[in-house]
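Engineer: Sharing a structure below in structure tokens format, with a few things to ask.
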Amino acid sequence: MLKRVFLLPLFLFVIISGCRKDSPAATTGVPNVAVNFSIDVNNASYSALLHVGGWIYVTGGYDGIILFCNGQGSYLAFDRGCPYDCETNAKAIIAVQASGITAICPVCGTNYSLYSGTVTKGPGSIALKQYQTSFDGTNLTVTN
């Protein structure tokens, strides 16, 4: 009986500590950070965004942001932090491939579609963290 009394609190402690929100099993994806900026797509620095399939890197987000033109006047914004391992490896920063339609993590090798942010190949299973975009014909605003 004394053995059960000792084991019950120990068992409860293990269960409770295993369910903490900051336990490694519960931390997946890219951490939340505030994002709120606008750019003028007619500025020469952002001219790649004037055609479908064009993309640029900008600062912001957790590990930088990829801005991608997925249609006339339609834009997507993805964090460059790899959802698979950016919290455990500072080098897990997504890079756009020469094709301009996919991006890859140089650490884990996961490939992502820039038209959706979804995984196309590799060990990752979580899509790229996407930020909200709005476009007024000149200014592209990115927020979360």
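Naming scheme: A, B, ... for chains in displayed order of the structure tokens; residues 1 onward per chain; ligands 1 onward as shown.
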Need the shell around segment 51-68 of chain A: protein/DNA/RNA residues with any atom at most 8 Å away, counting only C-alpha atoms. Skip same-chain ones fewer than 6 positions apart. Format as a ChimeraX atom specification?

Structural biologist: /A:30-35,75-81,93,100-101,114-115

Engineer: Please produce an output containing N, CA, C and O atoms for each residue in the selection, written as a tab-separated table (two decimals), in the first residue's frame.

Structural biologist:
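Now in again-v3.tsv:
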chain	number	residue	atom	x	y	z
A	30	VAL	N	7.08	27.33	-36.68
A	30	VAL	CA	7.86	28.55	-36.50
A	30	VAL	C	7.22	29.38	-35.39
A	30	VAL	O	6.02	29.59	-35.39
A	31	PRO	N	8.03	29.87	-34.45
A	31	PRO	CA	7.49	30.68	-33.36
A	31	PRO	C	6.80	31.94	-33.90
A	31	PRO	O	7.15	32.46	-34.96
A	32	ASN	N	5.82	32.42	-33.16
A	32	ASN	CA	5.10	33.63	-33.54
A	32	ASN	C	5.91	34.88	-33.22
A	32	ASN	O	6.47	34.99	-32.14
A	33	VAL	N	5.97	35.79	-34.17
A	33	VAL	CA	6.58	37.10	-34.00
A	33	VAL	C	5.67	38.11	-34.70
A	33	VAL	O	4.94	37.75	-35.63
A	34	ALA	N	5.72	39.35	-34.24
A	34	ALA	CA	4.88	40.39	-34.85
A	34	ALA	C	5.41	40.76	-36.23
A	34	ALA	O	6.61	40.94	-36.43
A	35	VAL	N	4.49	40.86	-37.20
A	35	VAL	CA	4.83	41.26	-38.56
A	35	VAL	C	3.82	42.30	-39.01
A	35	VAL	O	2.61	42.07	-38.93
A	75	TYR	N	-0.34	38.16	-53.91
A	75	TYR	CA	0.95	37.89	-53.28
A	75	TYR	C	0.82	36.98	-52.07
A	75	TYR	O	-0.20	37.01	-51.37
A	76	LEU	N	1.87	36.20	-51.84
A	76	LEU	CA	1.97	35.36	-50.65
A	76	LEU	C	3.23	35.76	-49.90
A	76	LEU	O	4.22	36.18	-50.50
A	77	ALA	N	3.20	35.60	-48.58
A	77	ALA	CA	4.35	35.90	-47.74
A	77	ALA	C	4.58	34.71	-46.81
A	77	ALA	O	3.68	34.32	-46.06
A	78	PHE	N	5.80	34.15	-46.86
A	78	PHE	CA	6.15	32.99	-46.04
A	78	PHE	C	7.37	33.30	-45.20
A	78	PHE	O	8.33	33.90	-45.68
A	79	ASP	N	7.36	32.82	-43.96
A	79	ASP	CA	8.54	32.93	-43.13
A	79	ASP	C	9.61	31.99	-43.67
A	79	ASP	O	9.30	30.91	-44.15
A	80	ARG	N	10.88	32.41	-43.59
A	80	ARG	CA	11.97	31.58	-44.10
A	80	ARG	C	12.43	30.53	-43.09
A	80	ARG	O	13.26	29.68	-43.41
A	81	GLY	N	11.91	30.57	-41.86
A	81	GLY	CA	12.26	29.55	-40.88
A	81	GLY	C	11.65	28.22	-41.27
A	81	GLY	O	10.46	28.13	-41.56
A	93	ILE	N	17.19	27.84	-42.66
A	93	ILE	CA	16.52	28.98	-43.29
A	93	ILE	C	16.21	28.62	-44.74
A	93	ILE	O	17.11	28.31	-45.52
A	100	GLY	N	12.37	28.97	-59.01
A	100	GLY	CA	11.51	30.05	-58.55
A	100	GLY	C	10.13	29.61	-58.10
A	100	GLY	O	9.31	30.44	-57.73
A	101	ILE	N	9.86	28.32	-58.13
A	101	ILE	CA	8.54	27.85	-57.69
A	101	ILE	C	8.61	26.96	-56.46
A	101	ILE	O	7.59	26.60	-55.90
A	114	LEU	N	6.09	27.32	-53.48
A	114	LEU	CA	5.86	28.73	-53.20
A	114	LEU	C	4.45	29.17	-53.59
A	114	LEU	O	4.01	30.25	-53.23
A	115	TYR	N	3.73	28.33	-54.33
A	115	TYR	CA	2.35	28.66	-54.68
A	115	TYR	C	1.38	28.35	-53.55
A	115	TYR	O	0.24	28.77	-53.58

Engineer: May I have the residues within 8 Å of Asp40 of chain A as a ChimeraX atom specification, using only C-alpha atoms and disregarding those fewer than 4 positions away in the same chain?

Structural biologist: /A:46,138-140

Engineer: Based on the selection just made, write N, CA, C and O atoms of those residues as an mmCIF file, in the first residue's frame.

Structural biologist:
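What landed in out_26.cif:
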data_model
loop_
_atom_site.group_PDB
_atom_site.id
_atom_site.type_symbol
_atom_site.label_atom_id
_atom_site.label_comp_id
_atom_site.auth_asym_id
_atom_site.auth_seq_id
_atom_site.Cartn_x
_atom_site.Cartn_y
_atom_site.Cartn_z
ATOM 1 N N TYR A 46 12.031 46.091 -55.592
ATOM 2 C CA TYR A 46 11.015 45.041 -55.510
ATOM 3 C C TYR A 46 10.456 44.670 -56.884
ATOM 4 O O TYR A 46 9.403 44.047 -56.988
ATOM 5 N N THR A 138 -0.549 49.301 -55.489
ATOM 6 C CA THR A 138 0.801 49.852 -55.379
ATOM 7 C C THR A 138 1.531 49.288 -54.169
ATOM 8 O O THR A 138 2.653 48.824 -54.277
ATOM 9 N N ASN A 139 0.874 49.335 -53.026
ATOM 10 C CA ASN A 139 1.493 48.909 -51.766
ATOM 11 C C ASN A 139 1.060 47.511 -51.370
ATOM 12 O O ASN A 139 -0.140 47.216 -51.336
ATOM 13 N N LEU A 140 2.060 46.684 -51.078
ATOM 14 C CA LEU A 140 1.827 45.340 -50.562
ATOM 15 C C LEU A 140 2.043 45.388 -49.051
ATOM 16 O O LEU A 140 3.125 45.776 -48.590
#

Engineer: Taking the backbone alone, and naming residues the way the document does, which bits of chain A are helix (DSSP H, G or I) by DSSP, as a list of chain:residue names?

Structural biologist: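 Of chain A, the ones in helix (DSSP H, G or I) are A:Leu2, A:Lys3, A:Arg4, A:Val5, A:Phe6, A:Leu7, A:Leu8, A:Pro9, A:Leu10, A:Phe11, A:Leu12, A:Phe13, A:Val14, A:Ile15, A:Ile16, A:Ser17, A:Gly18, A:Pro24, A:Ala25, A:Ala26, A:Ala44, A:Ser45, A:Tyr46, A:Ser47, A:Ala48, A:Leu49, A:Leu50.
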
Engineer: I need the residue nearest Val119 of chain A from this list: A:Val96, A:Leu49, A:Cys86, A:Ala103. Use only C-alpha atoms for the distance.

Structural biologist: A:Ala103

Engineer: Can you measure atom CA of Asp85 of chain A to atom CA of Pro106 of chain A for me? One decimal in Å is fine.

Structural biologist: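 Going from atom CA of Asp85 of chain A over to atom CA of Pro106 of chain A, I get 10.7 Å.
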
Engineer: Please identify which residues in segment 24-131 of chain A DSSP calls strand (DSSP E) from the backbone, and express them as an NGL selection string.

Structural biologist: :A and (36-40 or 55-58 or 65-71 or 74-79 or 95-96 or 102-104 or 111-113 or 119-121 or 130-131)

Engineer: For Gly137 of chain A, which residue among A:Thr110, A:Asn36, A:Ser47, A:Ser74 is the nearest when counting only C-alpha atoms?

Structural biologist: A:Ser74

Engineer: One decimal, Å: what's the distance from atom CA of Asn43 of chain A over to atom CA of Val142 of chain A, could you say?

Structural biologist: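 Taking atom CA of Asn43 of chain A and atom CA of Val142 of chain A, their separation equals 16.3 Å.
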
Engineer: Ile104 of chain A: which residues within 10 Å, counting only C-alpha atoms, same-chain residues fewer than 3 positions away excluded, as a list of chain:residue names?

Structural biologist: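 The neighbour list is A:Arg80, A:Cys82, A:Ala92, A:Ile93, A:Ile94, A:Ala95, A:Val96, A:Gln97, A:Val107, A:Cys108, A:Gly109, A:Thr110, A:Asn111, A:Tyr112, A:Ser113, A:Val119, A:Thr120, A:Lys121, A:Gly122.
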
Engineer: Could you save the residues just selected, with N, CA and C atoms, as an mmCIF file, in the first residue's frame?

Structural biologist:
data_model
loop_
_atom_site.group_PDB
_atom_site.id
_atom_site.type_symbol
_atom_site.label_atom_id
_atom_site.label_comp_id
_atom_site.auth_asym_id
_atom_site.auth_seq_id
_atom_site.Cartn_x
_atom_site.Cartn_y
_atom_site.Cartn_z
ATOM 1 N N ARG A 80 10.876 32.408 -43.589
ATOM 2 C CA ARG A 80 11.971 31.576 -44.096
ATOM 3 C C ARG A 80 12.430 30.526 -43.086
ATOM 4 N N CYS A 82 12.450 27.168 -41.293
ATOM 5 C CA CYS A 82 11.939 25.838 -41.636
ATOM 6 C C CYS A 82 11.059 25.335 -40.499
ATOM 7 N N ALA A 92 18.643 26.549 -40.424
ATOM 8 C CA ALA A 92 17.469 26.004 -41.109
ATOM 9 C C ALA A 92 16.624 27.143 -41.675
ATOM 10 N N ILE A 93 17.188 27.838 -42.657
ATOM 11 C CA ILE A 93 16.519 28.977 -43.287
ATOM 12 C C ILE A 93 16.210 28.622 -44.738
ATOM 13 N N ILE A 94 14.943 28.676 -45.076
ATOM 14 C CA ILE A 94 14.448 28.301 -46.397
ATOM 15 C C ILE A 94 15.069 29.185 -47.475
ATOM 16 N N ALA A 95 15.464 28.561 -48.582
ATOM 17 C CA ALA A 95 16.026 29.289 -49.729
ATOM 18 C C ALA A 95 15.244 28.932 -50.985
ATOM 19 N N VAL A 96 14.909 29.945 -51.781
ATOM 20 C CA VAL A 96 14.200 29.714 -53.034
ATOM 21 C C VAL A 96 15.150 29.056 -54.025
ATOM 22 N N GLN A 97 14.657 28.051 -54.723
ATOM 23 C CA GLN A 97 15.449 27.321 -55.718
ATOM 24 C C GLN A 97 15.462 28.084 -57.048
ATOM 25 N N VAL A 107 19.104 22.337 -44.277
ATOM 26 C CA VAL A 107 19.449 21.434 -43.175
ATOM 27 C C VAL A 107 18.745 20.085 -43.324
ATOM 28 N N CYS A 108 17.416 20.099 -43.418
ATOM 29 C CA CYS A 108 16.676 18.831 -43.459
ATOM 30 C C CYS A 108 16.320 18.387 -44.880
ATOM 31 N N GLY A 109 16.412 19.306 -45.861
ATOM 32 C CA GLY A 109 16.121 18.949 -47.241
ATOM 33 C C GLY A 109 14.657 18.988 -47.617
ATOM 34 N N THR A 110 13.788 19.456 -46.730
ATOM 35 C CA THR A 110 12.367 19.539 -47.063
ATOM 36 C C THR A 110 12.159 20.586 -48.153
ATOM 37 N N ASN A 111 11.340 20.234 -49.164
ATOM 38 C CA ASN A 111 10.985 21.138 -50.264
ATOM 39 C C ASN A 111 9.574 21.657 -50.053
ATOM 40 N N TYR A 112 9.361 22.924 -50.416
ATOM 41 C CA TYR A 112 8.063 23.582 -50.250
ATOM 42 C C TYR A 112 7.658 24.253 -51.562
ATOM 43 N N SER A 113 6.368 24.215 -51.879
ATOM 44 C CA SER A 113 5.834 24.932 -53.032
ATOM 45 C C SER A 113 5.630 26.396 -52.641
ATOM 46 N N VAL A 119 4.440 21.231 -48.154
ATOM 47 C CA VAL A 119 5.583 20.340 -48.346
ATOM 48 C C VAL A 119 5.382 19.549 -49.636
ATOM 49 N N THR A 120 6.433 19.495 -50.463
ATOM 50 C CA THR A 120 6.373 18.682 -51.681
ATOM 51 C C THR A 120 7.300 17.478 -51.601
ATOM 52 N N LYS A 121 8.295 17.545 -50.689
ATOM 53 C CA LYS A 121 9.239 16.439 -50.554
ATOM 54 C C LYS A 121 10.058 16.653 -49.287
ATOM 55 N N GLY A 122 10.434 15.566 -48.625
ATOM 56 C CA GLY A 122 11.321 15.658 -47.472
ATOM 57 C C GLY A 122 10.676 15.225 -46.176
#
